[in-house]
Structures are given as C-alpha cells and as structure tokens.
$ cat coords.pdb   # PDB, C-alpha atoms
ATOM      1  CA  MET A   1     -21.545 -28.865 -18.590
ATOM      2  CA  ALA A   2     -22.136 -28.973 -22.327
ATOM      3  CA  ASN A   3     -22.149 -32.783 -22.359
ATOM      4  CA  ALA A   4     -24.755 -33.201 -19.640
ATOM      5  CA  PRO A   5     -27.084 -30.184 -19.543
ATOM      6  CA  ASN A   6     -29.757 -32.032 -17.545
ATOM      7  CA  ARG A   7     -27.611 -33.426 -14.786
ATOM      8  CA  PRO A   8     -28.664 -32.370 -11.272
ATOM      9  CA  LEU A   9     -26.860 -29.285 -10.005
ATOM     10  CA  SER A  10     -25.879 -28.733  -6.402
ATOM     11  CA  PRO A  11     -27.847 -26.029  -4.569
ATOM     12  CA  HIS A  12     -26.467 -22.592  -5.301
ATOM     13  CA  LEU A  13     -26.762 -19.026  -4.020
ATOM     14  CA  THR A  14     -30.558 -18.799  -4.008
ATOM     15  CA  ILE A  15     -31.169 -21.686  -1.620
ATOM     16  CA  TRP A  16     -28.879 -20.853   1.310
ATOM     17  CA  ARG A  17     -29.849 -18.608   4.207
ATOM     18  CA  TRP A  18     -27.552 -15.600   4.204
ATOM     19  CA  GLY A  19     -24.934 -15.458   6.918
ATOM     20  CA  PRO A  20     -21.979 -13.217   7.828
ATOM     21  CA  GLY A  21     -19.484 -15.499   6.067
ATOM     22  CA  MET A  22     -21.289 -15.234   2.719
ATOM     23  CA  ALA A  23     -21.792 -11.483   3.103
ATOM     24  CA  VAL A  24     -18.113 -10.869   3.885
ATOM     25  CA  SER A  25     -17.064 -13.110   0.996
ATOM     26  CA  ILE A  26     -19.008 -11.183  -1.642
ATOM     27  CA  LEU A  27     -18.151  -7.838   0.034
ATOM     28  CA  HIS A  28     -14.465  -8.722  -0.321
ATOM     29  CA  ARG A  29     -14.937  -9.135  -4.046
ATOM     30  CA  ALA A  30     -17.151  -6.059  -4.508
ATOM     31  CA  THR A  31     -14.898  -3.777  -2.443
ATOM     32  CA  GLY A  32     -11.840  -5.131  -4.277
ATOM     33  CA  VAL A  33     -13.345  -4.226  -7.653
ATOM     34  CA  ALA A  34     -14.377  -0.773  -6.363
ATOM     35  CA  LEU A  35     -10.869  -0.108  -5.023
ATOM     36  CA  SER A  36      -9.243  -1.362  -8.241
ATOM     37  CA  PHE A  37     -11.127   1.051 -10.472
ATOM     38  CA  ALA A  38     -12.413   4.000  -8.404
ATOM     39  CA  GLY A  39      -9.735   3.795  -5.700
ATOM     40  CA  LEU A  40      -6.677   3.608  -7.937
ATOM     41  CA  GLY A  41      -8.322   5.998 -10.428
ATOM     42  CA  ILE A  42      -8.792   8.684  -7.770
ATOM     43  CA  LEU A  43      -5.283   8.075  -6.386
ATOM     44  CA  THR A  44      -3.857   8.668  -9.888
ATOM     45  CA  TRP A  45      -6.032  11.757 -10.387
ATOM     46  CA  TRP A  46      -4.907  13.136  -7.002
ATOM     47  CA  LEU A  47      -1.195  12.619  -7.853
ATOM     48  CA  PHE A  48      -1.681  14.361 -11.213
ATOM     49  CA  ALA A  49      -3.523  17.220  -9.517
ATOM     50  CA  ILE A  50      -0.600  17.662  -7.103
ATOM     51  CA  ALA A  51       1.926  17.591  -9.970
ATOM     52  CA  ASN A  52       0.005  19.885 -12.309
ATOM     53  CA  GLY A  53      -0.144  23.116 -10.362
ATOM     54  CA  THR A  54      -2.526  25.192  -8.276
ATOM     55  CA  ASP A  55      -5.561  25.159 -10.575
ATOM     56  CA  SER A  56      -5.733  21.388 -10.948
ATOM     57  CA  TYR A  57      -5.218  20.834  -7.216
ATOM     58  CA  GLU A  58      -8.035  23.270  -6.449
ATOM     59  CA  ALA A  59     -10.274  21.454  -8.931
ATOM     60  CA  PHE A  60      -9.510  18.153  -7.190
ATOM     61  CA  THR A  61     -10.132  19.590  -3.704
ATOM     62  CA  LYS A  62     -13.395  21.136  -4.873
ATOM     63  CA  ALA A  63     -14.589  17.813  -6.315
ATOM     64  CA  ALA A  64     -13.468  15.939  -3.185
ATOM     65  CA  MET A  65     -15.307  18.333  -0.858
ATOM     66  CA  HIS A  66     -18.502  18.279  -2.948
ATOM     67  CA  PRO A  67     -21.223  16.186  -1.189
ATOM     68  CA  VAL A  68     -21.082  13.587  -3.984
ATOM     69  CA  GLY A  69     -17.276  13.521  -3.779
ATOM     70  CA  LEU A  70     -17.425  13.051  -0.009
ATOM     71  CA  VAL A  71     -19.871  10.147  -0.353
ATOM     72  CA  VAL A  72     -17.539   8.494  -2.900
ATOM     73  CA  LEU A  73     -14.439   9.049  -0.745
ATOM     74  CA  ILE A  74     -16.125   7.836   2.457
ATOM     75  CA  GLY A  75     -17.478   4.825   0.535
ATOM     76  CA  LEU A  76     -14.001   4.021  -0.765
ATOM     77  CA  THR A  77     -12.519   4.435   2.723
ATOM     78  CA  TRP A  78     -15.048   1.914   4.037
ATOM     79  CA  SER A  79     -14.299  -0.362   1.056
ATOM     80  CA  PHE A  80     -10.617  -0.133   1.892
ATOM     81  CA  PHE A  81     -11.053  -1.056   5.565
ATOM     82  CA  GLN A  82     -13.554  -3.830   4.756
ATOM     83  CA  HIS A  83     -11.187  -5.298   2.130
ATOM     84  CA  LEU A  84      -8.220  -4.915   4.513
ATOM     85  CA  LEU A  85      -9.880  -6.664   7.486
ATOM     86  CA  SER A  86     -11.480  -9.321   5.301
ATOM     87  CA  GLY A  87      -8.110  -9.822   3.599
ATOM     88  CA  ILE A  88      -6.452 -10.398   6.987
ATOM     89  CA  ARG A  89      -9.215 -12.932   7.701
ATOM     90  CA  HIS A  90      -8.364 -14.677   4.424
ATOM     91  CA  LEU A  91      -4.650 -14.765   5.299
ATOM     92  CA  VAL A  92      -5.497 -16.392   8.654
ATOM     93  CA  MET A  93      -7.781 -18.920   6.924
ATOM     94  CA  ASP A  94      -5.029 -19.636   4.356
ATOM     95  CA  THR A  95      -3.025 -21.102   7.247
ATOM     96  CA  GLY A  96      -5.880 -23.513   7.937
ATOM     97  CA  GLN A  97      -7.209 -21.727  11.020
ATOM     98  CA  GLY A  98     -10.508 -20.074  11.849
ATOM     99  CA  PHE A  99     -12.818 -22.567  10.147
ATOM    100  CA  GLU A 100     -14.781 -23.550  13.282
ATOM    101  CA  LEU A 101     -18.365 -22.327  12.816
ATOM    102  CA  GLY A 102     -18.401 -19.980  15.806
ATOM    103  CA  VAL A 103     -14.931 -18.522  15.277
ATOM    104  CA  ASN A 104     -15.505 -18.092  11.549
ATOM    105  CA  LYS A 105     -18.802 -16.258  12.090
ATOM    106  CA  THR A 106     -17.361 -14.016  14.823
ATOM    107  CA  PHE A 107     -14.361 -13.092  12.658
ATOM    108  CA  ALA A 108     -16.680 -12.279   9.728
ATOM    109  CA  VAL A 109     -18.893 -10.029  11.881
ATOM    110  CA  LEU A 110     -15.808  -8.333  13.359
ATOM    111  CA  THR A 111     -14.559  -7.323   9.885
ATOM    112  CA  ILE A 112     -17.859  -5.506   9.240
ATOM    113  CA  VAL A 113     -17.958  -3.822  12.665
ATOM    114  CA  GLY A 114     -14.264  -2.941  12.392
ATOM    115  CA  SER A 115     -14.524  -1.413   8.928
ATOM    116  CA  ILE A 116     -17.440   0.829   9.971
ATOM    117  CA  VAL A 117     -15.707   1.932  13.197
ATOM    118  CA  LEU A 118     -12.380   2.678  11.456
ATOM    119  CA  THR A 119     -14.108   4.610   8.644
ATOM    120  CA  ALA A 120     -16.079   6.680  11.173
ATOM    121  CA  LEU A 121     -12.979   7.425  13.286
ATOM    122  CA  LEU A 122     -10.887   8.456  10.267
ATOM    123  CA  TRP A 123     -13.530  10.767   8.810
ATOM    124  CA  PHE A 124     -14.505  12.351  12.135
ATOM    125  CA  TYR A 125     -10.801  13.173  12.489
ATOM    126  CA  LEU A 126     -10.376  14.411   8.887
ATOM    127  CA  LEU A 127     -13.489  16.592   8.888
ATOM    128  CA  GLY A 128     -12.643  17.856  12.370
ATOM    129  CA  VAL A 129      -9.169  18.932  11.217
ATOM    130  CA  ALA A 130     -10.546  20.486   8.017
ATOM    131  CA  LYS A 131     -12.807  22.751  10.087
TER     132      LYS A 131
ATOM    133  CA  MET B   1       1.236 -44.065 -17.759
ATOM    134  CA  SER B   2       2.215 -46.486 -20.490
ATOM    135  CA  VAL B   3       5.351 -48.561 -20.801
ATOM    136  CA  GLY B   4       8.124 -46.392 -22.170
ATOM    137  CA  ASP B   5       6.684 -43.148 -20.776
ATOM    138  CA  SER B   6       9.724 -41.428 -19.299
ATOM    139  CA  SER B   7       7.932 -38.376 -17.881
ATOM    140  CA  THR B   8       8.134 -37.753 -14.147
ATOM    141  CA  PRO B   9       5.060 -37.527 -11.878
ATOM    142  CA  LEU B  10       5.562 -33.745 -11.647
ATOM    143  CA  GLY B  11       5.833 -33.474 -15.425
ATOM    144  CA  ARG B  12       2.530 -35.304 -15.852
ATOM    145  CA  ALA B  13       0.791 -33.164 -13.221
ATOM    146  CA  ARG B  14       1.886 -29.810 -14.663
ATOM    147  CA  GLY B  15      -0.820 -28.043 -16.605
ATOM    148  CA  LEU B  16      -3.597 -30.118 -15.049
ATOM    149  CA  GLY B  17      -6.143 -28.793 -12.602
ATOM    150  CA  SER B  18      -8.850 -26.235 -13.281
ATOM    151  CA  ALA B  19      -6.438 -23.345 -13.749
ATOM    152  CA  HIS B  20      -3.918 -25.230 -15.965
ATOM    153  CA  HIS B  21      -1.024 -23.660 -14.123
ATOM    154  CA  GLY B  22       0.560 -23.611 -10.705
ATOM    155  CA  GLY B  23       0.016 -21.559  -7.601
ATOM    156  CA  GLU B  24       2.075 -18.501  -8.584
ATOM    157  CA  HIS B  25      -0.938 -16.260  -9.140
ATOM    158  CA  TRP B  26      -2.498 -17.266  -5.823
ATOM    159  CA  LEU B  27       0.755 -16.740  -3.945
ATOM    160  CA  THR B  28       1.489 -13.389  -5.642
ATOM    161  CA  GLU B  29      -1.914 -12.118  -4.538
ATOM    162  CA  ARG B  30      -1.054 -12.975  -0.900
ATOM    163  CA  VAL B  31       2.447 -11.500  -1.010
ATOM    164  CA  THR B  32       1.254  -8.238  -2.595
ATOM    165  CA  SER B  33      -1.547  -8.056   0.002
ATOM    166  CA  ILE B  34       1.008  -8.155   2.830
ATOM    167  CA  ALA B  35       3.086  -5.465   1.093
ATOM    168  CA  LEU B  36      -0.036  -3.320   0.701
ATOM    169  CA  LEU B  37      -0.843  -3.793   4.386
ATOM    170  CA  LEU B  38       2.455  -2.021   5.156
ATOM    171  CA  LEU B  39       2.277   0.577   2.358
ATOM    172  CA  CYS B  40      -1.346   1.583   3.037
ATOM    173  CA  THR B  41      -0.620   1.909   6.756
ATOM    174  CA  TRP B  42       2.242   4.224   5.769
ATOM    175  CA  LEU B  43      -0.068   6.267   3.493
ATOM    176  CA  ILE B  44      -2.828   6.726   6.080
ATOM    177  CA  ALA B  45      -0.364   7.486   8.897
ATOM    178  CA  SER B  46       1.453  10.026   6.685
ATOM    179  CA  LEU B  47      -1.766  11.794   5.670
ATOM    180  CA  LEU B  48      -2.899  11.956   9.309
ATOM    181  CA  LEU B  49       0.489  13.315  10.448
ATOM    182  CA  LEU B  50       0.606  16.100   7.842
ATOM    183  CA  PRO B  51      -0.423  19.401   9.460
ATOM    184  CA  THR B  52      -2.651  20.314   6.489
ATOM    185  CA  LEU B  53      -3.443  18.829   3.097
ATOM    186  CA  ASP B  54      -2.796  21.972   1.031
ATOM    187  CA  GLN B  55      -0.772  21.557  -2.142
ATOM    188  CA  ARG B  56       2.513  22.956  -0.826
ATOM    189  CA  THR B  57       2.525  20.637   2.208
ATOM    190  CA  VAL B  58       1.675  17.598   0.093
ATOM    191  CA  ILE B  59       4.385  18.437  -2.476
ATOM    192  CA  GLU B  60       7.024  18.812   0.240
ATOM    193  CA  TRP B  61       5.979  15.437   1.678
ATOM    194  CA  LEU B  62       6.072  13.674  -1.726
ATOM    195  CA  ARG B  63       9.336  15.317  -2.872
ATOM    196  CA  ALA B  64      11.320  13.703  -0.083
ATOM    197  CA  PRO B  65      12.656  10.161  -0.678
ATOM    198  CA  SER B  66      10.639   9.043   2.360
ATOM    199  CA  GLY B  67       7.502  10.119   0.480
ATOM    200  CA  ALA B  68       8.247   9.455  -3.189
ATOM    201  CA  VAL B  69       9.716   5.951  -2.777
ATOM    202  CA  PRO B  70       6.896   4.376  -0.709
ATOM    203  CA  MET B  71       4.341   6.087  -2.982
ATOM    204  CA  ALA B  72       6.006   4.591  -6.083
ATOM    205  CA  LEU B  73       6.009   1.157  -4.429
ATOM    206  CA  LEU B  74       2.362   1.590  -3.426
ATOM    207  CA  ILE B  75       1.474   2.351  -7.056
ATOM    208  CA  ILE B  76       3.341  -0.657  -8.483
ATOM    209  CA  VAL B  77       2.130  -3.157  -5.869
ATOM    210  CA  GLY B  78      -1.378  -1.668  -5.780
ATOM    211  CA  PHE B  79      -1.962  -1.944  -9.522
ATOM    212  CA  LYS B  80      -0.454  -5.456  -9.563
ATOM    213  CA  HIS B  81      -2.705  -6.607  -6.714
ATOM    214  CA  ALA B  82      -5.749  -5.013  -8.396
ATOM    215  CA  LEU B  83      -4.943  -6.724 -11.695
ATOM    216  CA  ASP B  84      -4.520 -10.134 -10.023
ATOM    217  CA  GLY B  85      -7.758  -9.681  -8.067
ATOM    218  CA  VAL B  86      -9.917  -8.497 -10.957
ATOM    219  CA  LYS B  87      -8.565 -11.360 -13.101
ATOM    220  CA  VAL B  88     -10.036 -13.838 -10.610
ATOM    221  CA  VAL B  89     -13.434 -12.144 -10.952
ATOM    222  CA  VAL B  90     -13.198 -12.197 -14.777
ATOM    223  CA  ASP B  91     -12.125 -15.864 -14.821
ATOM    224  CA  ASP B  92     -15.065 -16.744 -12.541
ATOM    225  CA  TYR B  93     -17.743 -15.082 -14.670
ATOM    226  CA  VAL B  94     -16.433 -14.912 -18.270
ATOM    227  CA  HIS B  95     -16.013 -18.493 -19.447
ATOM    228  CA  GLU B  96     -15.873 -18.134 -23.238
ATOM    229  CA  PRO B  97     -12.101 -18.285 -24.023
ATOM    230  CA  GLY B  98     -12.113 -15.455 -26.596
ATOM    231  CA  ASN B  99     -14.039 -13.021 -24.396
ATOM    232  CA  ASN B 100     -11.954 -14.018 -21.392
ATOM    233  CA  PHE B 101      -8.709 -13.304 -23.256
ATOM    234  CA  VAL B 102      -9.928  -9.950 -24.620
ATOM    235  CA  LEU B 103     -11.200  -8.770 -21.233
ATOM    236  CA  ASN B 104      -8.070  -9.859 -19.359
ATOM    237  CA  THR B 105      -5.879  -8.162 -21.988
ATOM    238  CA  ILE B 106      -7.846  -4.900 -21.714
ATOM    239  CA  LEU B 107      -7.483  -5.048 -17.918
ATOM    240  CA  LEU B 108      -3.742  -5.704 -18.248
ATOM    241  CA  PHE B 109      -3.339  -2.624 -20.478
ATOM    242  CA  LEU B 110      -5.448  -0.532 -18.068
ATOM    243  CA  ALA B 111      -3.382  -1.620 -15.073
ATOM    244  CA  VAL B 112       0.007  -1.067 -16.722
ATOM    245  CA  GLY B 113      -1.149   2.229 -18.232
ATOM    246  CA  GLY B 114      -2.640   3.440 -14.937
ATOM    247  CA  ALA B 115       0.498   2.540 -13.007
ATOM    248  CA  ALA B 116       2.679   4.340 -15.590
ATOM    249  CA  LEU B 117       0.520   7.486 -15.356
ATOM    250  CA  ALA B 118       0.632   7.507 -11.559
ATOM    251  CA  LEU B 119       4.412   6.902 -11.505
ATOM    252  CA  PHE B 120       4.889   9.744 -13.993
ATOM    253  CA  ALA B 121       2.955  12.075 -11.686
ATOM    254  CA  VAL B 122       5.105  11.077  -8.696
ATOM    255  CA  ALA B 123       8.277  11.580 -10.745
ATOM    256  CA  ARG B 124       7.090  15.034 -11.794
ATOM    257  CA  ILE B 125       6.441  15.963  -8.161
ATOM    258  CA  ALA B 126       9.742  14.511  -6.958
ATOM    259  CA  PHE B 127      11.998  15.922  -9.679
ATOM    260  CA  GLY B 128      10.070  19.049 -10.714
ATOM    261  CA  ALA B 129      10.883  22.608  -9.704
ATOM    262  CA  ILE B 130       9.164  23.932  -6.586
ATOM    263  CA  ALA B 131       6.281  26.197  -7.614
TER     264      ALA B 131
END
$ encode --input "coords.pdb" --output "structure tokens"
Amino acid sequence: MANAPNRPLSPHLTIWRWGPGMAVSILHRATGVALSFAGLGILTWWLFAIANGTDSYEAFTKAAMHPVGLVVLIGLTWSFFQHLLSGIRHLVMDTGQGFELGVNKTFAVLTIVGSIVLTALLWFYLLGVAK
Amino acid sequence: MSVGDSSTPLGRARGLGSAHHGGEHWLTERVTSIALLLLCTWLIASLLLLPTLDQRTVIEWLRAPSGAVPMALLIIVGFKHALDGVKVVVDDYVHEPGNNFVLNTILLFLAVGGAALALFAVARIAFGAIA
C-alpha cells in the first residue's frame, strides 16, 4: 500500500448492493463481539451473584428484570442464536459446500429467520414461566 | 532456492502468507465452536428444565458435578473462542504493529482474567457451604 498509494483499488463495501450474505457476514462479527464482551461479562456477573449471597442475587435479578436489562438480555439471546446459526453455516461452507448462489442466499436468510424465531420462542417461554 | 540451500519446501513455506503462521488459530476457532455448540445447548436446556430460577435452585444445580463441570468447561472454551474471534477483528482493523500488539495483549489479559473470575465464582458455589 505504502509503495503505491495511487494504484487502482478494487470496489469495496460502498459499491455493492446489499444482500443476505453480506448482512449475515457482518452480523456474525458484530454479534460475536457483543457476546464476547456483554455476554461473557453478564455470565460472570451472574455466577458471582449466585456465589455471593442473597443480596447480590436479588440485585442481579432486579437489574435483569428492569426494562433496560430485558432489552439487553433479549438482544444478547438474539445475538447468540444469530451467531450460532451463522456459525453452523460457516462450518458447512468450510467443507466447501453451500456456495451456489441460490443455496447460499437461502441459508443466509434462514439464519436470520431462525434466530428471530428461536429468540421469540425462548423468551415467550421464560416470561410465561416467570408469571 | 540457490545451490547449497538445504532447506526443505515446508521449511521455506513456513512463516510466509499473510498471517506468518499456520492454520492453528483458524482450526482452534472451529473446534471451540463445536464444543460451544454442545455446551450452550446444555446451558439452555438446563435453564429451561429448572423449575424456577431462584438462588437456591440455581445453587443446587451448579453444586452438582453435572452442573459445575460443564459450566467450568463453558467458561474456559467460551473465553478462548471469544479471544480468538476478537483477535481476528483486531487484526483486520488495527494494522500498525505496535497498536495491534498492545490491543491484542489487553484482550488476552481481559480474557484470562475474566475466565479466572468466572471459574472462581463456580468454585465458590460448588465447594462453599449451603446458605
């Protein structure tokens, strides 16, 4: 790069029409980062709250049931399922399969539909049990 | 290759390529992802099967070997997978070698420290006295 700053560059992000494959690709990265920091952070906090006695567990439950806490937890649940399904898609593609345009697009769309459905099912169940 | 060069083809190829090392990182990411597929399925199934999520129930679940051991594995593999994943993001966007090294080192400390904290909490639950 440094030796030839004026050489022509290949078209990058701004020029392509967005499609499911690109969306799922960047979602995989974004959800992975969210799970790495917020997901593992909350898991660690939850384990400490369990270990530390009644007061700290109540504080955790209160934060988790707060509207903001619920939005974060539901968002992380969706991130988890999106990253999981997209990760399975990557494992399939690592074997050299699923690169045909139609199959690839369908698989990408299915990860998005699947993550939303699984998140909805899990939280309808959880909130139903809580009540 | 000059006359008198006794290195093997593999020896000459090692260290070349954009990453300057072999496929271990790539492969580790895949192997940990498969382990997490199993461990996260265990976690979600366990949480759904618990009658309630009050502290006493959760402690009894995590005190048993069938709770504490998979949770410890989930912590170790989860933080490792997160570290490997976030490193790819850092290497993609932070090109300056000094900044790249500093950021990756901070992330390494965060991951090891986070995993140690979470494991400590599980150990306290598993080996602590029942409240």
$ interface_residues --input "coords.pdb" --of "chain A" --to "chain B" --cutoff "6 Å" --atoms "only C-alpha atoms" --output "PyMOL selection string"
chain A and resi 36+44+47-48+51
$ resolve_selection --input "coords.pdb" --expression "the PyMOL selection byres ((chain A and resi 13-28) around 7)" --output "JSON list (two decimals) with C-alpha atoms, in the frame of the given file"
[["chain", "number", "residue", "atom", "x", "y", "z"],
["A", 11, "PRO", "CA", -27.85, -26.03, -4.57],
["A", 12, "HIS", "CA", -26.47, -22.59, -5.30],
["A", 29, "ARG", "CA", -14.94, -9.14, -4.05],
["A", 30, "ALA", "CA", -17.15, -6.06, -4.51],
["A", 31, "THR", "CA", -14.90, -3.78, -2.44],
["A", 32, "GLY", "CA", -11.84, -5.13, -4.28],
["A", 83, "HIS", "CA", -11.19, -5.30, 2.13],
["A", 86, "SER", "CA", -11.48, -9.32, 5.30],
["A", 105, "LYS", "CA", -18.80, -16.26, 12.09],
["A", 108, "ALA", "CA", -16.68, -12.28, 9.73],
["A", 109, "VAL", "CA", -18.89, -10.03, 11.88]]
$ resolve_selection --input "coords.pdb" --expression "the PyMOL selection byres ((chain A and resi 126) around 12)" --output "count of residues only"
25
$ closest_residue --input "coords.pdb" --among "B:Phe127, B:Val77, B:Val90, B:Leu108" --to "Pro65 of chain B" --atoms "only C-alpha atoms"
B:Phe127
$ atom_distance --input "coords.pdb" --atom1 "atom CA of Leu43 of chain B" --atom2 "atom CA of His25 of chain B"
25.8 Å
$ atom_distance --input "coords.pdb" --atom1 "atom CA of Ser79 of chain A" --atom2 "atom CA of Gly114 of chain A"
11.6 Å
$ atom_distance --input "coords.pdb" --atom1 "atom CA of Ala38 of chain A" --atom2 "atom CA of Phe80 of chain A"
11.2 Å
$ closest_residue --input "coords.pdb" --among "A:Gly87, A:Leu76, A:Pro8, A:Glu100" --to "Leu43 of chain A" --atoms "only C-alpha atoms"
A:Leu76
$ resolve_selection --input "coords.pdb" --expression "the PyMOL selection byres ((chain A and resi 115) around 8)" --output "number ranges by chain"
A: 78-79, 81-82, 85, 111-114, 116-119
$ write_last_selection --input "coords.pdb" --atoms "C-alpha atoms" --output "PDB file, in the coordinates of the input"
ATOM      1  CA  TRP A  78     -15.048   1.914   4.037  1.00  0.00           C
ATOM      2  CA  SER A  79     -14.299  -0.362   1.056  1.00  0.00           C
ATOM      3  CA  PHE A  81     -11.053  -1.056   5.565  1.00  0.00           C
ATOM      4  CA  GLN A  82     -13.554  -3.830   4.756  1.00  0.00           C
ATOM      5  CA  LEU A  85      -9.880  -6.664   7.486  1.00  0.00           C
ATOM      6  CA  THR A 111     -14.559  -7.323   9.885  1.00  0.00           C
ATOM      7  CA  ILE A 112     -17.859  -5.506   9.240  1.00  0.00           C
ATOM      8  CA  VAL A 113     -17.958  -3.822  12.665  1.00  0.00           C
ATOM      9  CA  GLY A 114     -14.264  -2.941  12.392  1.00  0.00           C
ATOM     10  CA  ILE A 116     -17.440   0.829   9.971  1.00  0.00           C
ATOM     11  CA  VAL A 117     -15.707   1.932  13.197  1.00  0.00           C
ATOM     12  CA  LEU A 118     -12.380   2.678  11.456  1.00  0.00           C
ATOM     13  CA  THR A 119     -14.108   4.610   8.644  1.00  0.00           C
TER      14      THR A 119
END
$ closest_residue --input "coords.pdb" --among "B:Val102, B:Leu27, B:Leu10, B:Leu38" --to "Asp84 of chain B" --atoms "all atoms listed in the file"
B:Leu27
$ residues_around --input "coords.pdb" --residues "Asp91 of chain B" --least-positions-apart "6" --cutoff "10 Å" --atoms "only C-alpha atoms" --output "list in words"
Ala19, Pro97, Asn100, Phe101, Leu103 and Asn104 of chain B
$ axis_aligned_box --input "coords.pdb" --around "segment 79-88 of chain B" --padding-each-side "6 Å" --output "JSON"
{"center_x": -5.2, "center_y": -7.9, "center_z": -9.9, "size_x": 21.6, "size_y": 23.9, "size_z": 18.4}
